[in-house]
>>> print(open('upload-v8.txt').read())   # compact mmCIF, C-alpha atoms and all ligand atoms
# COMPACT_ATOMS: atom_id res chain seq x y z
CA MET A 511 84.17 249.00 136.00
CA SER A 512 85.35 245.71 137.45
CA TYR A 513 85.40 242.49 135.51
CA GLN A 514 85.04 238.94 136.64
CA PRO A 515 88.46 237.24 136.73
CA GLU A 516 89.07 235.44 133.44
CA PRO A 517 91.65 232.91 132.37
CA ALA A 518 94.41 234.31 130.18
CA PHE A 519 93.44 234.01 126.52
CA ASP A 520 94.91 230.95 124.88
CA HIS A 521 96.00 232.24 121.46
CA GLY A 522 96.73 228.71 120.29
CA SER A 523 93.25 227.22 120.78
CA PRO A 524 90.93 227.00 117.77
CA ALA A 525 87.91 229.34 117.61
CA ARG A 526 84.70 227.57 118.59
CA THR A 527 81.09 228.60 118.07
CA GLY A 528 78.38 228.34 120.71
CA LEU A 529 74.61 228.34 120.39
CA LEU A 530 72.46 229.54 123.28
CA LEU A 531 68.78 228.56 123.05
CA CYS A 532 66.79 230.83 125.41
CA ASN A 533 63.24 230.52 126.62
CA LEU A 534 61.22 232.42 129.19
CA GLY A 535 61.71 230.45 132.40
CA THR A 536 59.45 228.65 134.77
CA PRO A 537 59.19 227.89 138.51
CA GLU A 538 61.55 225.24 139.88
CA ALA A 539 58.64 223.46 141.56
CA PRO A 540 54.85 223.72 141.36
CA THR A 541 54.69 225.32 144.80
CA PRO A 542 53.55 228.81 145.89
CA ALA A 543 57.07 229.68 147.14
CA ALA A 544 58.84 228.71 143.90
CA THR A 545 56.12 230.31 141.78
CA ARG A 546 56.40 233.51 143.82
CA ARG A 547 60.20 233.68 143.25
CA TYR A 548 59.66 233.18 139.52
CA LEU A 549 56.83 235.71 139.21
CA ALA A 550 58.75 238.29 141.28
CA GLN A 551 61.68 238.18 138.85
CA PHE A 552 59.51 238.00 135.70
CA LEU A 553 57.10 240.77 136.67
CA SER A 554 59.92 243.09 137.82
CA ASP A 555 61.29 243.25 134.29
CA PRO A 556 60.47 246.70 132.84
CA ARG A 557 60.33 245.09 129.37
CA VAL A 558 57.35 243.03 130.59
CA ILE A 559 55.56 245.63 132.71
CA GLU A 560 55.85 249.06 131.13
CA ILE A 561 54.51 251.00 134.09
CA PRO A 562 56.75 253.36 136.12
CA LYS A 563 58.32 251.44 139.01
CA LEU A 564 56.84 253.81 141.60
CA ALA A 565 53.29 252.93 140.47
CA TRP A 566 53.92 249.22 139.77
CA TRP A 567 55.87 248.20 142.89
CA PRO A 568 52.97 248.56 145.39
CA ILE A 569 50.66 246.60 143.06
CA LEU A 570 53.24 243.85 142.45
CA HIS A 571 54.33 243.42 146.07
CA GLY A 572 51.09 244.45 147.78
CA ILE A 573 48.62 242.49 145.65
CA ILE A 574 49.95 240.25 142.86
CA LEU A 575 52.75 238.46 144.73
CA ARG A 576 50.39 237.84 147.66
CA THR A 577 47.60 236.25 145.65
CA ARG A 578 48.81 234.94 142.30
CA PRO A 579 51.57 232.47 143.37
CA ALA A 580 49.14 230.10 145.12
CA ALA A 581 46.66 230.15 142.23
CA SER A 582 49.38 229.76 139.58
CA ALA A 583 51.13 226.98 141.56
CA LYS A 584 47.91 224.92 141.46
CA LYS A 585 47.81 225.33 137.69
CA TYR A 586 51.49 224.38 137.38
CA ALA A 587 50.81 221.27 139.50
CA SER A 588 48.13 220.22 137.01
CA ILE A 589 50.57 220.19 134.07
CA TRP A 590 53.85 219.18 135.79
CA MET A 591 55.72 216.31 134.11
CA LYS A 592 57.70 213.72 136.05
CA GLU A 593 60.95 215.35 134.81
CA GLY A 594 59.79 218.88 135.74
CA SER A 595 58.04 221.88 134.24
CA PRO A 596 57.05 221.20 130.61
CA LEU A 597 58.71 224.41 129.37
CA MET A 598 62.02 223.29 130.93
CA VAL A 599 61.74 219.67 129.81
CA TRP A 600 61.04 220.58 126.16
CA THR A 601 63.70 223.30 126.06
CA GLN A 602 66.36 220.89 127.41
CA ARG A 603 65.39 218.28 124.82
CA GLN A 604 65.45 220.85 122.03
CA ALA A 605 69.02 221.88 122.96
CA THR A 606 70.20 218.25 123.08
CA LEU A 607 68.57 217.41 119.76
CA LEU A 608 69.90 220.59 118.13
CA GLN A 609 73.42 219.68 119.24
CA GLY A 610 73.05 216.24 117.64
CA TYR A 611 71.37 217.37 114.42
CA LEU A 612 73.74 220.30 113.86
CA GLY A 613 76.62 217.85 114.45
CA GLU A 614 75.21 215.47 111.82
CA ARG A 615 75.18 218.39 109.40
CA GLY A 616 78.88 219.04 110.05
CA HIS A 617 78.64 221.95 112.51
CA GLN A 618 80.89 221.60 115.53
CA LEU A 619 78.73 223.80 117.76
CA ILE A 620 78.51 223.79 121.53
CA VAL A 621 74.78 224.07 122.33
CA ARG A 622 73.38 225.13 125.72
CA HIS A 623 69.94 226.24 126.85
CA ALA A 624 69.09 229.05 129.24
CA MET A 625 66.06 230.70 130.80
CA ARG A 626 65.50 234.46 130.94
CA TYR A 627 63.97 234.13 134.44
CA GLY A 628 65.12 231.51 136.93
CA GLN A 629 67.62 228.79 136.11
CA PRO A 630 69.77 228.03 134.19
CA SER A 631 70.37 231.75 133.82
CA ILE A 632 71.59 233.32 130.61
CA ALA A 633 74.74 234.59 132.39
CA SER A 634 75.62 231.13 133.74
CA GLN A 635 75.26 229.55 130.30
CA LEU A 636 77.25 232.28 128.55
CA ASP A 637 79.98 231.62 131.14
CA ALA A 638 79.73 227.89 130.42
CA LEU A 639 80.06 228.49 126.67
CA ARG A 640 83.09 230.71 127.25
CA ALA A 641 84.64 228.08 129.52
CA ALA A 642 84.13 225.49 126.78
CA GLY A 643 86.13 227.70 124.42
CA ALA A 644 83.37 229.50 122.50
CA THR A 645 84.72 232.67 120.90
CA ARG A 646 81.54 233.24 118.89
CA ILE A 647 78.04 232.84 120.29
CA LEU A 648 74.71 232.85 118.48
CA VAL A 649 71.77 233.61 120.79
CA LEU A 650 68.48 232.06 119.71
CA PRO A 651 65.48 233.28 121.74
CA ALA A 652 62.79 230.61 121.27
CA TYR A 653 60.23 233.24 120.23
CA PRO A 654 59.27 233.08 116.56
CA GLN A 655 57.66 236.54 116.68
CA TYR A 656 59.77 239.48 117.87
CA CYS A 657 58.40 241.21 120.96
CA ALA A 658 60.12 243.72 123.23
CA ALA A 659 58.78 241.86 126.29
CA THR A 660 60.51 238.63 125.26
CA THR A 661 63.15 238.95 122.51
CA ALA A 662 64.52 242.34 123.59
CA SER A 663 64.55 241.20 127.21
CA VAL A 664 66.90 238.34 126.28
CA VAL A 665 69.19 240.84 124.52
CA ASP A 666 69.11 243.05 127.67
CA ASP A 667 70.23 240.12 129.80
CA VAL A 668 73.08 239.22 127.43
CA ALA A 669 74.13 242.89 127.47
CA ARG A 670 74.23 242.85 131.28
CA TRP A 671 76.57 239.85 131.06
CA THR A 672 78.88 241.57 128.57
CA LEU A 673 79.31 244.44 131.06
CA THR A 674 81.01 242.03 133.46
CA HIS A 675 83.55 240.60 131.02
CA ARG A 676 86.69 241.98 129.46
CA HIS A 677 87.28 239.68 126.52
CA LEU A 678 83.92 239.31 124.78
CA PRO A 679 82.98 236.65 122.29
CA GLU A 680 81.53 237.76 118.97
CA LEU A 681 77.77 237.83 119.47
CA ARG A 682 74.84 237.41 117.13
CA PHE A 683 71.11 237.29 117.87
CA VAL A 684 68.15 235.79 116.07
CA ASN A 685 65.49 238.49 116.30
CA ARG A 686 62.63 236.56 114.69
CA TYR A 687 61.73 233.59 112.52
CA HIS A 688 57.95 234.14 112.30
CA ASP A 689 57.94 233.77 108.49
CA HIS A 690 60.82 231.36 108.00
CA PRO A 691 59.69 228.75 105.44
CA ALA A 692 61.04 225.88 107.57
CA TYR A 693 59.09 227.06 110.64
CA ILE A 694 55.89 227.50 108.65
CA ALA A 695 56.43 224.06 107.07
CA ALA A 696 56.93 222.49 110.52
CA LEU A 697 53.68 224.05 111.77
CA ALA A 698 51.77 222.99 108.65
CA ASP A 699 53.10 219.40 108.88
CA SER A 700 52.09 219.27 112.53
CA VAL A 701 48.52 220.38 111.69
CA ARG A 702 48.24 217.90 108.79
CA GLN A 703 49.48 215.02 110.98
CA HIS A 704 46.95 216.02 113.63
CA TRP A 705 44.15 216.03 111.06
CA GLN A 706 45.22 212.58 109.86
CA ARG A 707 45.14 211.20 113.41
CA GLU A 708 42.04 212.95 114.79
CA GLY A 709 40.06 214.28 111.85
CA ARG A 710 39.57 217.88 110.87
CA ALA A 711 37.44 220.45 112.72
CA ASP A 712 35.25 223.19 111.22
CA MET A 713 37.83 225.86 112.04
CA LEU A 714 41.51 226.25 112.95
CA VAL A 715 42.06 228.82 115.72
CA MET A 716 45.64 230.08 116.05
CA SER A 717 46.13 231.49 119.53
CA PHE A 718 49.17 233.68 120.29
CA HIS A 719 50.29 235.06 123.66
CA GLY A 720 48.75 238.51 124.14
CA MET A 721 50.38 241.86 124.81
CA PRO A 722 48.97 245.18 126.02
CA ALA A 723 47.23 246.75 122.99
CA ARG A 724 49.29 249.92 123.28
CA SER A 725 52.47 247.98 122.43
CA LEU A 726 51.16 247.97 118.84
CA THR A 727 50.78 251.76 118.63
CA LEU A 728 54.14 252.17 120.39
CA GLY A 729 55.75 250.35 117.47
CA ASP A 730 56.20 246.75 118.61
CA PRO A 731 56.08 244.51 115.52
CA TYR A 732 54.71 241.57 117.53
CA HIS A 733 51.05 241.89 116.46
CA CYS A 734 51.93 242.14 112.75
CA GLU A 735 54.29 239.18 112.96
CA CYS A 736 51.60 237.02 114.60
CA LEU A 737 49.17 237.92 111.81
CA LYS A 738 51.79 237.10 109.18
CA THR A 739 52.56 233.71 110.75
CA GLY A 740 48.81 233.04 110.78
CA ARG A 741 48.36 234.00 107.13
CA LEU A 742 51.38 231.94 105.98
CA LEU A 743 50.23 228.90 107.95
CA ALA A 744 46.73 229.24 106.49
CA GLU A 745 48.19 229.49 102.98
CA ALA A 746 50.37 226.43 103.55
CA LEU A 747 47.21 224.52 104.58
CA SER A 748 45.08 226.03 101.77
CA LEU A 749 42.63 227.49 104.32
CA SER A 750 40.30 230.29 103.28
CA PRO A 751 39.96 233.31 105.64
CA ALA A 752 36.66 231.84 106.88
CA GLN A 753 38.38 228.61 107.92
CA TYR A 754 40.88 230.10 110.39
CA LYS A 755 41.18 232.82 113.03
CA VAL A 756 44.11 234.46 114.82
CA THR A 757 43.42 235.24 118.49
CA PHE A 758 45.39 236.41 121.57
CA GLN A 759 45.38 234.73 124.97
CA SER A 760 46.83 235.18 128.50
CA ARG A 761 45.49 238.66 129.20
CA PHE A 762 46.99 240.07 132.41
CA GLY A 763 45.47 243.00 134.33
CA LYS A 764 42.63 245.32 133.36
CA ALA A 765 44.11 247.24 130.42
CA ARG A 766 43.11 246.46 126.82
CA TRP A 767 45.24 243.73 125.28
CA LEU A 768 45.57 242.67 121.66
CA GLU A 769 42.27 241.41 120.29
CA PRO A 770 40.39 239.26 119.56
CA TYR A 771 40.80 237.47 122.88
CA THR A 772 41.01 233.69 122.58
CA GLU A 773 38.49 232.52 125.17
CA PRO A 774 35.67 235.01 124.39
CA THR A 775 36.16 234.21 120.68
CA LEU A 776 35.75 230.49 121.36
CA ARG A 777 32.59 231.16 123.39
CA SER A 778 31.06 233.30 120.67
CA LEU A 779 32.01 230.82 117.91
CA ALA A 780 30.31 228.04 119.86
CA GLY A 781 27.34 230.30 120.62
CA ASN A 782 26.98 230.99 116.89
CA GLY A 783 26.78 227.30 116.13
CA LEU A 784 30.38 226.22 115.42
CA LYS A 785 30.56 222.60 116.52
CA SER A 786 34.25 221.72 116.34
CA VAL A 787 37.52 223.59 116.57
CA ASP A 788 41.22 222.75 116.21
CA LEU A 789 43.43 225.02 118.28
CA ILE A 790 47.16 225.59 117.75
CA CYS A 791 49.52 227.99 119.58
CA PRO A 792 52.13 228.80 116.91
CA GLY A 793 53.96 231.43 118.99
CA PHE A 794 55.04 228.96 121.68
CA ALA A 795 58.10 226.86 120.87
CA ALA A 796 57.24 224.54 123.75
CA ASP A 797 54.14 223.53 125.64
CA CYS A 798 53.83 225.32 128.96
CA ILE A 799 51.25 226.54 131.45
CA GLU A 800 49.81 228.95 128.86
CA THR A 801 49.05 226.19 126.36
CA LEU A 802 48.46 223.11 128.53
CA GLU A 803 46.38 224.75 131.25
CA GLU A 804 44.97 227.99 129.84
CA ILE A 805 44.16 226.53 126.42
CA ASP A 806 43.85 222.77 126.68
CA MET A 807 41.95 222.93 129.99
CA GLU A 808 40.31 226.36 130.49
CA ALA A 809 39.62 227.35 126.87
CA ARG A 810 38.49 223.81 126.06
CA GLU A 811 35.95 223.95 128.86
CA ALA A 812 34.76 227.41 127.76
CA PHE A 813 34.14 226.17 124.20
CA LEU A 814 32.39 222.97 125.27
CA HIS A 815 30.23 224.80 127.81
CA SER A 816 29.09 227.30 125.20
CA GLY A 817 27.67 224.70 122.84
CA GLY A 818 30.81 223.41 121.09
CA GLN A 819 31.05 219.64 120.69
CA ARG A 820 34.68 218.91 119.87
CA PHE A 821 37.79 220.83 120.95
CA SER A 822 41.07 219.48 119.64
CA TYR A 823 44.35 220.96 120.88
CA ILE A 824 47.35 220.62 118.57
CA PRO A 825 50.53 220.43 120.70
CA CYS A 826 53.41 222.87 120.25
CA LEU A 827 56.30 221.80 118.04
CA ASN A 828 58.30 220.79 121.16
CA ASP A 829 60.97 218.18 120.28
CA SER A 830 59.44 217.04 116.98
CA PRO A 831 61.91 216.32 114.13
CA GLY A 832 60.23 219.03 112.01
CA HIS A 833 60.86 221.60 114.75
CA ILE A 834 64.50 220.63 115.15
CA ARG A 835 64.94 220.82 111.37
CA ALA A 836 63.29 224.28 111.33
CA LEU A 837 65.43 225.63 114.20
CA THR A 838 68.51 224.19 112.48
CA ALA A 839 67.60 226.04 109.26
CA VAL A 840 67.21 229.28 111.25
CA VAL A 841 70.55 228.70 112.99
CA GLU A 842 72.36 227.86 109.74
CA GLN A 843 71.06 231.07 108.18
CA HIS A 844 72.51 233.10 111.06
CA LEU A 845 75.83 231.26 111.12
CA GLN A 846 76.72 232.39 107.62
CA GLY A 847 80.28 233.68 107.56
CA TRP A 848 81.06 232.01 110.87
CA PRO A 849 83.08 228.84 110.31
CA THR A 850 81.55 226.01 112.32
CA GLN A 851 83.45 223.05 110.92
CA ALA A 852 86.08 221.66 113.30
CA ALA A 853 88.89 224.22 113.14
CA PRO A 854 92.03 222.80 111.48
CA ASP A 855 94.73 221.83 113.92
CA THR A 856 97.35 224.30 112.69
CA ALA A 857 100.21 222.72 114.66
CA ALA A 858 99.48 219.30 113.14
CA LEU A 859 99.27 220.83 109.66
CA ALA A 860 102.65 222.50 110.16
CA ARG A 861 104.19 219.17 111.28
CA GLN A 862 102.73 217.48 108.19
CA ARG A 863 104.13 220.20 105.97
CA ASP A 864 107.59 219.98 107.56
CA ALA A 865 107.53 216.20 107.24
CA ALA A 866 106.56 216.50 103.56
CA LEU A 867 109.37 219.02 102.92
CA MET A 868 111.93 216.80 104.65
CA LEU A 869 110.72 213.83 102.66
CA GLY A 870 111.13 215.82 99.43
CA ALA A 871 114.62 216.98 100.45
CA SER A 872 115.83 213.46 101.23
CA ARG A 873 114.77 212.08 97.84
C1 LIG B 1 52.13 241.72 131.76
C2 LIG B 1 52.42 240.49 131.79
C3 LIG B 1 52.89 239.62 130.69
C4 LIG B 1 53.37 239.93 129.42
C5 LIG B 1 53.52 241.28 128.77
C6 LIG B 1 53.72 238.68 128.79
C7 LIG B 1 54.24 238.53 127.50
C8 LIG B 1 54.61 237.31 126.93
N1 LIG B 1 54.77 236.08 127.57
C9 LIG B 1 55.14 235.13 126.67
C10 LIG B 1 55.37 233.77 126.90
C11 LIG B 1 55.07 233.10 128.08
N2 LIG B 1 54.42 233.62 129.17
C12 LIG B 1 54.29 232.64 130.13
C13 LIG B 1 53.71 232.76 131.38
C14 LIG B 1 53.25 233.96 131.94
N3 LIG B 1 53.11 235.18 131.32
C15 LIG B 1 52.70 236.14 132.23
C16 LIG B 1 52.51 237.50 132.00
C17 LIG B 1 52.94 238.20 130.84
N4 LIG B 1 53.45 237.68 129.69
C18 LIG B 1 52.54 235.46 133.50
C19 LIG B 1 52.10 236.15 134.78
C20 LIG B 1 52.90 234.13 133.32
C21 LIG B 1 52.99 233.04 134.40
C22 LIG B 1 51.86 232.16 134.52
C23 LIG B 1 50.77 232.78 135.31
O1 LIG B 1 50.95 233.05 136.50
O2 LIG B 1 49.71 233.02 134.69
C24 LIG B 1 54.87 231.42 129.62
C25 LIG B 1 54.87 230.05 130.30
C26 LIG B 1 55.79 229.89 131.48
C27 LIG B 1 55.74 228.53 132.10
O3 LIG B 1 56.36 228.36 133.14
O4 LIG B 1 55.09 227.58 131.63
C28 LIG B 1 55.36 231.70 128.36
C29 LIG B 1 56.09 230.77 127.43
C30 LIG B 1 55.25 235.77 125.39
C31 LIG B 1 55.64 235.05 124.10
C32 LIG B 1 54.92 237.12 125.57
C33 LIG B 1 54.88 238.21 124.60
C34 LIG B 1 54.75 238.09 123.33
FE FE B 2 53.61 235.58 129.33
FE FE B 3 47.90 232.29 131.44
>>> encode(input="upload-v8.txt", output="structure tokens", more="lines below")
Ligand SMILES: C=CC1=C(C)c2cc3[nH]c(cc4nc(cc5[nH]c(cc1n2)c(C)c5CCC(=O)O)C(CCC(=O)O)=C4C)c(C)c3C=C
Ligand SMILES: [Fe+2]
Ligand SMILES: [Fe+2]
Amino acid sequence: MSYQPEPAFDHGSPARTGLLLCNLGTPEAPTPAATRRYLAQFLSDPRVIEIPKLAWWPILHGIILRTRPAASAKKYASIWMKEGSPLMVWTQRQATLLQGYLGERGHQLIVRHAMRYGQPSIASQLDALRAAGATRILVLPAYPQYCAATTASVVDDVARWTLTHRHLPELRFVNRYHDHPAYIAALADSVRQHWQREGRADMLVMSFHGMPARSLTLGDPYHCECLKTGRLLAEALSLSPAQYKVTFQSRFGKARWLEPYTEPTLRSLAGNGLKSVDLICPGFAADCIETLEEIDMEAREAFLHSGGQRFSYIPCLNDSPGHIRALTAVVEQHLQGWPTQAAPDTAALARQRDAALMLGASR
């Protein structure tokens, strides 16, 4: 095993704690070439595509990477912000705001953000935290519900980084926060504020990213955690089971995915006479192509074309104060036992003590 060269450990420097906020990743530009690079990395991850490489490679390189990049790039272009891809913009803002809010609460943390696919990579940001003196690092994947395709894939990437370093920081991971009271409260506040601004629809649809259905029988807790988030959010809003529905979006390929599917559900609700719907995507920490294009454009159109009259999309928590408070509560829970106040300057304390002793002696 060969390690990357590292600076000699400075035994005198105080221990510092780092926080790494990780999200999925996104193309660097809304172009077919950039989208192809992103999809190639994403869809080569065996945590995402659980098909033997020998069977998957010809499909990925022979079909998907020839056709999908151009179609996806068009969709990215339709949601691109002037600062970049929404997922990147919101994740950057979240990290900056977390740094500030945690600081206000007395935690001297170094906060960075990273993307599992594309840039800034998890390895580069772990290196940056180490270079800034972090000897303890808390990794926060921005996925409220645990899923092997997302949460475990972040852990894999951190583990690959540890293999290249000799002197490792202490590491902790947030596996899930799907039922954290502060996260549920942030979602509920966001829905209530939306209702105050725009009025309330006949039903609240909660759409989560889908997964192949067999992930449930193989033991992935993702499906159950989505249902629990849905139930807790409904309870916080005093909704009866008839007033809300949990659905799954973003189906990929021909296999069965978790059901009910979002778009067919919206069509059938409209077909059965439902006139208005509020739609929230509680599993996404930040708005992205899956929420802004697939839901707020495609699913909206499907509902309205099937007889629905009003489709109201409730944005993700993004950089809202409630979200930053919720993530801070999650972080604080996982920092327990790790001192995050500014470490005492032991040399200065020793000088003070010596000065006090000398003062006493000279009296
Ligand atoms: C088999 C494919 C996919 C699985 C499994 C999957 C799981 C999964 N994904 C997210 C969150 C996000 N996915 C996003 C985009 C996206 N997802 C897939 C495929 C799978 N996802 C694709 C091909 C894409 C790219 C867009 C496209 O070409 O359709 C995003 C948004 C990225 C962005 O740049 O905006 C997020 C976020 C979760 C939470 C999840 C499992 C629970
Ligand atoms: Fe996805
Ligand atoms: Fe999609």
>>> atom_distance(input="upload-v8.txt", atom1="CA of Leu531 (chain A)", atom2="CA of Pro654 (chain A)")
12.4 Å
>>> closest_residue(input="upload-v8.txt", among="A:Trp848, A:Trp767, A:Tyr754, A:Trp590", to="Ala723 (chain A)", atoms="only C-alpha atoms")
A:Trp767
>>> closest_residue(input="upload-v8.txt", among="A:Thr541, A:Asn685, A:Thr801, A:Ser595", to="ligand FE 2 (chain B)", atoms="all atoms listed in the file")
A:Thr801
>>> atom_distance(input="upload-v8.txt", atom1="CA of Gly781 (chain A)", atom2="CA of Gln819 (chain A)")
11.3 Å
>>> residues_near_ligand(input="upload-v8.txt", ligand="ligand LIG 1 (chain B)", cutoff="7 Å", atoms="all atoms listed in the file", output="ChimeraX atom specification")
/A:534-537,549,553,558-559,578-579,582,595-597,653,657,659-660,719-722,732,760,762,793-794,798-800
>>> atom_distance(input="upload-v8.txt", atom1="CA of Ala550 (chain A)", atom2="CA of Leu575 (chain A)")
6.9 Å
